[in-house]
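**Student:** File follows, query_3.cif with mmCIF, C-alpha atoms and all ligand atoms:
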data_query
loop_
_atom_site.label_atom_id
_atom_site.label_comp_id
_atom_site.auth_asym_id
_atom_site.auth_seq_id
_atom_site.Cartn_x
_atom_site.Cartn_y
_atom_site.Cartn_z
CA MET A 79 -8.58 10.78 -2.83
CA THR A 80 -8.36 8.41 0.16
CA SER A 81 -10.24 9.48 3.25
CA GLN A 82 -7.96 8.24 5.92
CA LYS A 83 -8.26 9.01 9.62
CA PRO A 84 -5.13 11.04 10.41
CA ALA A 85 -2.70 10.00 13.12
CA VAL A 86 0.36 11.52 14.74
CA ILE A 87 3.02 10.50 17.24
CA VAL A 88 5.93 12.54 18.58
CA HIS A 89 8.88 11.67 20.79
CA GLY A 90 11.14 13.80 22.92
CA GLY A 91 14.15 11.51 22.94
CA ALA A 92 15.13 8.24 24.57
CA GLY A 93 17.29 8.32 27.66
CA SER A 94 17.17 8.68 31.39
CA ILE A 95 15.19 11.74 32.44
CA LYS A 96 15.31 13.33 35.86
CA ASP A 97 11.88 13.21 37.54
CA ASP A 98 11.65 17.00 37.82
CA SER A 99 11.69 17.49 34.06
CA LEU A 100 9.66 14.46 32.95
CA SER A 101 6.22 16.05 33.20
CA ALA A 102 7.40 19.23 31.43
CA ARG A 103 8.81 17.06 28.64
CA LEU A 104 5.51 15.20 28.35
CA ASP A 105 3.72 18.57 28.16
CA GLY A 106 6.18 19.59 25.41
CA CYS A 107 5.42 16.42 23.45
CA LYS A 108 1.69 17.03 23.85
CA ALA A 109 2.00 20.60 22.56
CA ALA A 110 3.93 19.32 19.55
CA ALA A 111 1.43 16.54 18.81
CA LEU A 112 -1.44 19.05 19.03
CA ALA A 113 0.34 21.42 16.61
CA ALA A 114 0.57 18.57 14.11
CA TRP A 115 -2.98 17.44 14.81
CA THR A 116 -4.42 20.91 14.15
CA ILE A 117 -2.93 20.73 10.66
CA LEU A 118 -4.05 17.15 10.02
CA GLU A 119 -7.64 17.66 11.18
CA HIS A 120 -8.01 20.57 8.76
CA GLY A 121 -6.91 18.38 5.86
CA GLY A 122 -3.28 19.54 5.89
CA SER A 123 -0.41 17.37 4.75
CA ALA A 124 1.63 14.90 6.78
CA VAL A 125 4.79 16.82 5.80
CA ASP A 126 3.41 20.10 7.16
CA ALA A 127 2.25 18.34 10.32
CA ALA A 128 5.55 16.56 11.00
CA GLU A 129 7.50 19.79 10.42
CA ALA A 130 5.20 21.82 12.69
CA ALA A 131 5.51 19.31 15.55
CA VAL A 132 9.28 19.33 15.36
CA VAL A 133 9.42 23.15 15.26
CA VAL A 134 7.51 23.20 18.57
CA LEU A 135 10.05 20.80 20.08
CA GLU A 136 13.05 22.67 18.60
CA ASP A 137 11.76 25.87 20.22
CA ASN A 138 11.34 24.19 23.61
CA PRO A 139 14.71 24.48 25.42
CA LEU A 140 14.06 21.29 27.39
CA PHE A 141 14.80 19.19 24.33
CA ASN A 142 18.11 18.51 22.62
CA ALA A 143 17.15 20.07 19.29
CA GLY A 144 17.23 23.66 18.03
CA THR A 145 17.28 25.93 21.10
CA GLY A 146 18.65 23.81 23.96
CA SER A 147 20.85 21.62 21.76
CA THR A 148 23.75 19.93 23.46
CA LEU A 149 27.26 21.28 22.94
CA ASN A 150 30.05 19.65 20.97
CA ARG A 151 33.66 19.35 22.09
CA ALA A 152 34.33 22.89 20.86
CA GLY A 153 31.48 24.22 23.06
CA LYS A 154 29.29 24.90 20.03
CA VAL A 155 25.83 23.81 18.91
CA GLU A 156 25.89 21.76 15.70
CA MET A 157 22.49 20.42 14.72
CA ASP A 158 21.14 17.67 12.47
CA ALA A 159 17.58 17.53 11.11
CA GLY A 160 15.86 15.45 8.47
CA ILE A 161 12.42 15.20 6.92
CA MET A 162 10.97 12.56 4.61
CA ASP A 163 7.81 12.44 2.55
CA GLY A 164 6.84 8.77 2.32
CA ASP A 165 4.53 9.29 -0.64
CA LEU A 166 7.19 10.29 -3.17
CA LEU A 167 10.28 9.21 -1.20
CA ARG A 168 11.40 12.83 -1.15
CA ALA A 169 13.86 13.64 1.63
CA GLY A 170 15.79 16.67 2.83
CA ALA A 171 18.26 17.15 5.64
CA VAL A 172 20.84 19.46 7.14
CA ALA A 173 23.74 18.21 9.21
CA ALA A 174 26.41 19.64 11.51
CA MET A 175 24.56 22.94 11.06
CA GLU A 176 25.09 26.14 13.03
CA GLY A 177 23.25 29.43 13.08
CA VAL A 178 19.60 28.65 12.31
CA LYS A 179 16.83 28.51 14.90
CA ASN A 180 14.81 25.78 13.23
CA PRO A 181 16.97 23.33 11.30
CA ILE A 182 13.91 21.20 10.44
CA LYS A 183 12.52 24.12 8.41
CA LEU A 184 15.77 24.32 6.45
CA ALA A 185 15.71 20.53 5.95
CA ARG A 186 12.24 20.97 4.45
CA ARG A 187 13.61 23.63 2.09
CA VAL A 188 16.39 21.24 1.01
CA MET A 189 13.71 18.64 0.24
CA GLU A 190 11.54 21.12 -1.69
CA ASP A 191 14.57 22.40 -3.59
CA GLY A 192 15.17 18.82 -4.71
CA ARG A 193 18.74 19.05 -5.98
CA HIS A 194 20.25 17.32 -2.98
CA VAL A 195 19.16 15.27 0.02
CA ILE A 196 21.67 16.27 2.72
CA LEU A 197 23.62 19.51 3.08
CA ALA A 198 26.19 19.79 5.86
CA GLY A 199 28.05 22.52 7.76
CA LYS A 200 29.13 25.52 5.72
CA GLY A 201 27.31 24.20 2.65
CA ALA A 202 24.03 24.13 4.56
CA LEU A 203 24.62 27.72 5.71
CA LEU A 204 25.43 28.78 2.14
CA PHE A 205 22.17 27.24 0.96
CA ALA A 206 20.28 29.07 3.73
CA ARG A 207 21.81 32.35 2.57
CA GLU A 208 21.07 31.58 -1.08
CA ILE A 209 17.36 31.15 -0.33
CA GLY A 210 17.16 34.03 2.17
CA PHE A 211 16.49 31.72 5.11
CA PRO A 212 16.63 33.58 8.45
CA GLU A 213 19.82 33.09 10.47
CA CYS A 214 20.38 33.53 14.18
CA PRO A 215 23.52 34.10 16.25
CA PRO A 216 24.83 30.58 17.07
CA HIS A 217 25.15 31.45 20.79
CA SER A 218 21.42 32.27 21.00
CA LEU A 219 20.70 28.52 20.87
CA ILE A 220 22.81 27.76 23.93
CA VAL A 221 20.85 27.48 27.16
CA GLU A 222 22.19 27.76 30.68
CA ARG A 223 21.67 24.06 31.31
CA GLU A 224 24.03 23.14 28.49
CA ARG A 225 26.46 25.85 29.49
CA LYS A 226 26.73 24.09 32.85
CA ARG A 227 27.42 20.94 30.86
CA TRP A 228 24.35 19.22 32.18
CA GLU A 229 24.48 16.06 30.15
CA ASP A 230 21.46 14.77 28.33
CA LYS A 231 22.80 12.83 25.46
CA HIS A 232 19.63 11.51 23.92
CA GLY A 233 17.05 14.26 23.68
CA THR A 234 16.48 14.05 19.93
CA VAL A 235 12.91 14.92 18.89
CA GLY A 236 10.76 13.44 16.15
CA CYS A 237 7.32 13.15 14.65
CA VAL A 238 5.56 10.67 12.38
CA ALA A 239 2.30 11.85 10.80
CA LEU A 240 -0.36 10.27 8.58
CA ASP A 241 -2.68 12.66 6.77
CA SER A 242 -6.23 12.29 5.51
CA THR A 243 -5.00 11.40 2.01
CA GLY A 244 -3.09 8.43 3.43
CA LYS A 245 0.36 9.97 3.08
CA ILE A 246 3.01 9.52 5.74
CA ALA A 247 5.83 11.90 6.68
CA VAL A 248 8.55 11.87 9.30
CA ALA A 249 10.67 14.66 10.77
CA THR A 250 13.55 14.30 13.23
CA SER A 251 15.82 16.96 14.76
CA THR A 252 18.71 16.85 17.21
CA GLY A 253 21.69 18.61 18.70
CA GLY A 254 23.41 15.21 18.54
CA VAL A 255 25.44 13.72 21.35
CA PHE A 256 27.15 15.66 24.12
CA HIS A 257 30.84 16.48 23.54
CA LYS A 258 30.80 15.09 20.00
CA LEU A 259 33.64 15.98 17.66
CA PRO A 260 32.88 19.01 15.49
CA GLY A 261 31.56 17.76 12.15
CA ARG A 262 30.03 14.59 13.59
CA ILE A 263 26.77 13.67 11.87
CA GLY A 264 24.28 11.36 13.56
CA ASP A 265 21.40 9.22 12.31
CA SER A 266 18.65 11.87 12.32
CA PRO A 267 19.39 13.51 8.94
CA ILE A 268 20.12 10.24 7.13
CA PRO A 269 17.12 8.74 5.32
CA GLY A 270 16.61 5.13 6.37
CA CYS A 271 18.50 5.62 9.63
CA GLY A 272 16.95 8.09 12.10
CA THR A 273 14.25 9.22 9.68
CA TYR A 274 12.35 7.04 7.22
CA ALA A 275 8.97 7.01 5.47
CA ASP A 276 7.49 5.25 2.48
CA ASP A 277 4.00 4.09 1.48
CA ARG A 278 4.01 1.35 4.16
CA GLY A 279 4.81 3.48 7.20
CA GLY A 280 7.26 5.82 8.86
CA ALA A 281 9.74 5.75 11.74
CA SER A 282 11.68 8.35 13.73
CA CYS A 283 14.50 7.01 15.90
CA THR A 284 16.34 8.34 18.94
CA GLY A 285 19.45 7.12 20.71
CA MET A 286 23.12 6.70 19.87
CA GLY A 287 23.25 7.64 16.21
CA GLU A 288 26.33 5.63 15.31
CA ALA A 289 24.53 2.38 16.22
CA ILE A 290 21.24 3.44 14.58
CA ILE A 291 23.12 4.17 11.35
CA ARG A 292 24.86 0.76 11.40
CA ILE A 293 21.59 -1.16 11.40
CA VAL A 294 19.68 1.35 9.19
CA MET A 295 17.09 1.30 11.95
CA GLY A 296 14.27 3.40 10.47
CA LYS A 297 14.08 1.41 7.23
CA THR A 298 14.59 -1.86 9.12
CA ALA A 299 11.56 -1.03 11.27
CA VAL A 300 9.36 -0.10 8.28
CA ASP A 301 10.48 -3.26 6.41
CA PHE A 302 9.13 -5.33 9.32
CA LEU A 303 5.64 -3.93 8.53
CA SER A 304 5.78 -5.94 5.30
CA GLU A 305 5.70 -9.10 7.43
CA GLY A 306 2.11 -8.19 8.33
CA ILE A 307 2.86 -7.17 11.90
CA ASP A 308 1.63 -3.94 13.48
CA PRO A 309 3.91 -0.93 14.21
CA ALA A 310 4.18 -1.79 17.92
CA ALA A 311 5.61 -5.22 17.05
CA ALA A 312 7.75 -3.77 14.24
CA ALA A 313 9.23 -1.17 16.59
CA ARG A 314 10.02 -3.86 19.18
CA LYS A 315 11.64 -6.05 16.51
CA ALA A 316 13.81 -3.21 15.19
CA LEU A 317 14.92 -2.42 18.72
CA ALA A 318 15.75 -6.10 19.30
CA VAL A 319 17.96 -6.04 16.17
CA LEU A 320 19.72 -2.93 17.47
CA GLU A 321 20.25 -4.49 20.88
CA ALA A 322 21.50 -7.80 19.48
CA LYS A 323 23.87 -6.24 16.94
CA THR A 324 25.17 -3.24 18.88
CA GLY A 325 24.08 -3.52 22.54
CA VAL A 326 23.04 0.13 22.40
CA GLN A 327 20.03 1.85 23.98
CA ALA A 328 17.54 3.68 21.80
CA GLY A 329 13.89 4.20 21.01
CA LEU A 330 11.63 4.76 18.02
CA ILE A 331 8.10 5.82 17.09
CA MET A 332 6.11 4.53 14.11
CA ILE A 333 2.83 4.84 12.20
CA ASP A 334 1.68 2.51 9.42
CA ARG A 335 -0.59 3.34 6.49
CA LYS A 336 -3.66 2.18 8.45
CA GLY A 337 -2.91 4.79 11.13
CA ARG A 338 -1.79 2.23 13.68
CA ILE A 339 0.76 3.57 16.14
CA GLY A 340 3.76 1.89 17.71
CA TYR A 341 6.73 2.81 19.81
CA ALA A 342 9.43 1.02 21.74
CA ARG A 343 12.44 1.89 23.86
CA ASN A 344 15.06 0.03 25.87
CA THR A 345 15.96 3.16 27.84
CA THR A 346 14.46 4.26 31.16
CA HIS A 347 12.34 6.91 29.46
CA MET A 348 11.15 8.17 26.10
CA PRO A 349 8.43 10.82 26.38
CA VAL A 350 5.85 10.34 23.65
CA CYS A 351 2.44 11.73 22.77
CA PHE A 352 0.10 10.37 20.14
CA ILE A 353 -3.33 11.20 18.77
CA ALA A 354 -4.97 8.55 16.65
CA ASP A 355 -8.65 9.40 16.56
CA GLY A 356 -8.77 13.07 17.37
CA GLU A 357 -10.29 12.47 20.77
CA THR A 358 -7.78 10.41 22.65
CA ILE A 359 -4.49 12.09 23.38
CA VAL A 360 -2.09 9.64 24.94
CA VAL A 361 1.11 10.64 26.71
CA ASP A 362 3.55 8.04 27.90
CA SER A 363 7.16 7.84 28.98
N1 LIG B 401 20.13 10.11 17.60
C1 LIG B 401 20.75 11.35 17.63
C2 LIG B 401 22.18 11.34 17.37
O1 LIG B 401 22.87 10.37 17.68
O2 LIG B 401 22.69 12.31 16.86
#
As a first step, turn the structure in this file into structure tokens.
**Tutor:**
Amino acid sequence: MTSQKPAVIVHGGAGSIKDDSLSARLDGCKAAALAAWTILEHGGSAVDAAEAAVVVLEDNPLFNAGTGSTLNRAGKVEMDAGIMDGDLLRAGAVAAMEGVKNPIKLARRVMEDGRHVILAGKGALLFAREIGFPECPPHSLIVERERKRWEDKHGTVGCVALDSTGKIAVATSTGGVFHKLPGRIGDSPIPGCGTYADDRGGASCTGMGEAIIRIVMGKTAVDFLSEGIDPAAAARKALAVLEAKTGVQAGLIMIDRKGRIGYARNTTHMPVCFIADGETIVVDS
């Protein structure tokens, strides 16, 4: 068994953040990174760590994921979440999903179940019922901020984790974009787009999902690692491709198999927190 130094990075979404909520968002990212780190430092798996970090962010109403998700054109919360285990290329996701508090946990169950990769809408809810997954009233996920139609289009959350056995996992969760059409599915639940991991590295993306899907951004970023560059350079290159091909704003976080961390954004902000050696906790926006 490899004895790899674990590493973790989380993001709280790329976009423009009002000054009064930036430090609270950075605190939220730190709490999520520490939840993942606690698992990793005790020898837990990258998949468990990535899921745990995203649960913390889904439960924090400041972020556009789980509780606090943005509303669609019908005034409802419809969430997307995806998780990928880079070791075995297993992936699971739920999309356009209502009525569960932590969609990332259900995405994990889809992955463990193994029959399918993505379940959407009513089908995802049917699966939840089939496995006895706890449901919640859809309105309980709506926070006052969203009710007032405060617009924060890009508050997707994500985590990339590397465990002590050298395995990489990624988890991403989002309420999607404000005022989207019911049934719209973004990049987060689609392997290779908003969420991607293999044995070279992992990436979680944030920004306008339609553009991220078109350039298969997560896989594009991890493919750049094969050129021998580090994740910081790979993230910048993937973002440059997105900018050149679509002109859209976004951000992404990455870890490679050596535990090197990278992130890039072309937005005003993207709160991130990473822990690479267990002692240094870095927050940045
Ligand atoms: N990146 C999140 C979304 O577009 O749904």
**Student:** Using only C-alpha atoms and all ligand atoms, which residue out of A:Val195, A:Leu149, A:Ala311, A:Ala289 lies closest to ligand LIG 401 (chain B)?
**Tutor:**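 Closest to ligand LIG 401 (chain B) of all the choices is A:Ala289.
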**Student:** Please identify every polymer residue within 9 Å of ligand LIG 401 (chain B), using all atoms listed in the file, and present the set as a PyMOL selection string.
**Tutor:** chain A and resi 91-92+157-158+231-235+250-255+262-267+272+283-291+328
**Student:** Report, as AutoDock Vina command-line options, the centre and edge lengths in Å (one decimal) of the axis-aligned box enclosing every listed atom of region 299-314 of chain A, padded by 6 Å on each side.
**Tutor:**
--center_x 6.6 --center_y -4.6 --center_z 12.2 --size_x 21.9 --size_y 21.0 --size_z 25.9
**Student:** Considering all atoms listed in the file, can you say which of A:Ala143, A:Ile182, A:Ala318, A:Leu240 comes closest to Trp115 (chain A)?
**Tutor:**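 Among A:Ala143, A:Ile182, A:Ala318, A:Leu240, it is A:Leu240 that comes nearest to Trp115 (chain A).
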**Student:** Excluding Asp308 (chain A) and its own-chain neighbours fewer than 6 positions away, which residues fall within 10 Å of it when counting all atoms listed in the file? Please give them as a PyMOL selection string.
**Tutor:** chain A and resi 302+332-334+336+338-340
**Student:** Out of A:Gly329, A:Pro269, A:Gly146, A:Gly177, which residue has the shortest atom-to-atom distance to Phe211 (chain A) when counting all atoms listed in the file?
**Tutor:**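 Looking only at the distances to Phe211 (chain A), the closest residue turns out to be A:Gly177.
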**Student:** Rounded to one decimal, what separation in Å do you get between CA of Pro309 (chain A) and CA of Leu184 (chain A)?
**Tutor:**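 Value for the CA of Pro309 (chain A)-CA of Leu184 (chain A) distance: 29.0 Å.
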**Student:** Of the residues A:Val360, A:Leu317, A:Val294, A:Cys214, which is the one nearest to Thr345 (chain A), using only C-alpha atoms?
**Tutor:**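 The closest residue to Thr345 (chain A) is A:Leu317.
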**Student:** Please determine, counting all atoms listed in the file, which residue among A:Gly201, A:Pro84, A:Ile268, A:Ser99 has the shortest atom-to-atom distance to Ala249 (chain A).
**Tutor:** A:Ile268
**Student:** May I ask which of the residues A:Ala239, A:Val350, A:Ile331, A:Ile220 is the closest one to Gly106 (chain A), counting only C-alpha atoms?
**Tutor:**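 For Gly106 (chain A), the nearest of the candidates is A:Val350.
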**Student:** Take the point (-9.0, 7.3, 7.9) as written in the file and pick out every residue within 8 Å of it, counting only C-alpha atoms; give the list as a list in words.
**Tutor:** Thr80, Ser81, Gln82, Lys83, Pro84, Ser242, Gly244, Lys336 and Gly337 of chain A
**Student:** Quick check, in Å to one decimal: how far apart do CA of Glu321 (chain A) and CA of Leu100 (chain A) lie?
**Tutor:** 24.8 Å
**Student:** CA of Ser363 (chain A) and CA of Asp301 (chain A) are how many Å apart?
**Tutor:**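 Rounded to one decimal, the two atoms are 25.4 Å apart.
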**Student:** Please supply region 344-360 of chain A, rebuilt with N, CA, C and O atoms, as a tab-separated table (two decimals), in the coordinates of the input.
**Tutor:**
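And here is the file that came out, part-v2.tsv:
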chain	number	residue	atom	x	y	z
A	344	ASN	N	14.40	0.87	24.85
A	344	ASN	CA	15.06	0.03	25.87
A	344	ASN	C	15.81	0.92	26.85
A	344	ASN	O	16.71	0.47	27.55
A	345	THR	N	15.42	2.19	26.89
A	345	THR	CA	15.96	3.16	27.84
A	345	THR	C	14.98	3.30	29.00
A	345	THR	O	13.85	2.80	28.93
A	346	THR	N	15.37	4.05	30.03
A	346	THR	CA	14.46	4.26	31.16
A	346	THR	C	13.24	5.06	30.72
A	346	THR	O	12.12	4.80	31.16
A	347	HIS	N	13.45	6.04	29.88
A	347	HIS	CA	12.34	6.91	29.46
A	347	HIS	C	12.39	7.19	27.96
A	347	HIS	O	13.46	7.15	27.35
A	348	MET	N	11.26	7.54	27.42
A	348	MET	CA	11.15	8.17	26.10
A	348	MET	C	9.78	8.85	26.08
A	348	MET	O	8.77	8.21	25.81
A	349	PRO	N	9.74	10.17	26.39
A	349	PRO	CA	8.43	10.82	26.38
A	349	PRO	C	7.81	10.78	24.98
A	349	PRO	O	8.49	11.10	24.01
A	350	VAL	N	6.55	10.35	24.94
A	350	VAL	CA	5.85	10.34	23.65
A	350	VAL	C	4.44	10.89	23.85
A	350	VAL	O	3.91	10.88	24.95
A	351	CYS	N	3.86	11.36	22.77
A	351	CYS	CA	2.44	11.73	22.77
A	351	CYS	C	1.89	11.34	21.43
A	351	CYS	O	2.52	11.58	20.40
A	352	PHE	N	0.71	10.69	21.43
A	352	PHE	CA	0.10	10.37	20.14
A	352	PHE	C	-1.40	10.64	20.15
A	352	PHE	O	-2.05	10.62	21.19
A	353	ILE	N	-1.91	10.93	18.96
A	353	ILE	CA	-3.33	11.20	18.77
A	353	ILE	C	-3.74	10.37	17.56
A	353	ILE	O	-3.22	10.57	16.46
A	354	ALA	N	-4.63	9.42	17.77
A	354	ALA	CA	-4.97	8.55	16.65
A	354	ALA	C	-6.39	8.72	16.18
A	354	ALA	O	-6.73	8.37	15.07
A	355	ASP	N	-7.27	9.25	17.02
A	355	ASP	CA	-8.65	9.40	16.56
A	355	ASP	C	-9.21	10.80	16.81
A	355	ASP	O	-10.39	11.03	16.67
A	356	GLY	N	-8.33	11.69	17.19
A	356	GLY	CA	-8.77	13.07	17.37
A	356	GLY	C	-9.36	13.33	18.73
A	356	GLY	O	-9.55	14.48	19.13
A	357	GLU	N	-9.69	12.27	19.44
A	357	GLU	CA	-10.29	12.47	20.77
A	357	GLU	C	-9.34	12.03	21.86
A	357	GLU	O	-9.22	12.66	22.91
A	358	THR	N	-8.66	10.94	21.62
A	358	THR	CA	-7.78	10.41	22.65
A	358	THR	C	-6.37	10.92	22.44
A	358	THR	O	-5.76	10.68	21.40
A	359	ILE	N	-5.87	11.65	23.42
A	359	ILE	CA	-4.49	12.09	23.38
A	359	ILE	C	-3.76	11.27	24.43
A	359	ILE	O	-4.11	11.31	25.61
A	360	VAL	N	-2.79	10.51	24.00
A	360	VAL	CA	-2.09	9.64	24.94
A	360	VAL	C	-0.68	10.13	25.15
A	360	VAL	O	0.05	10.38	24.17
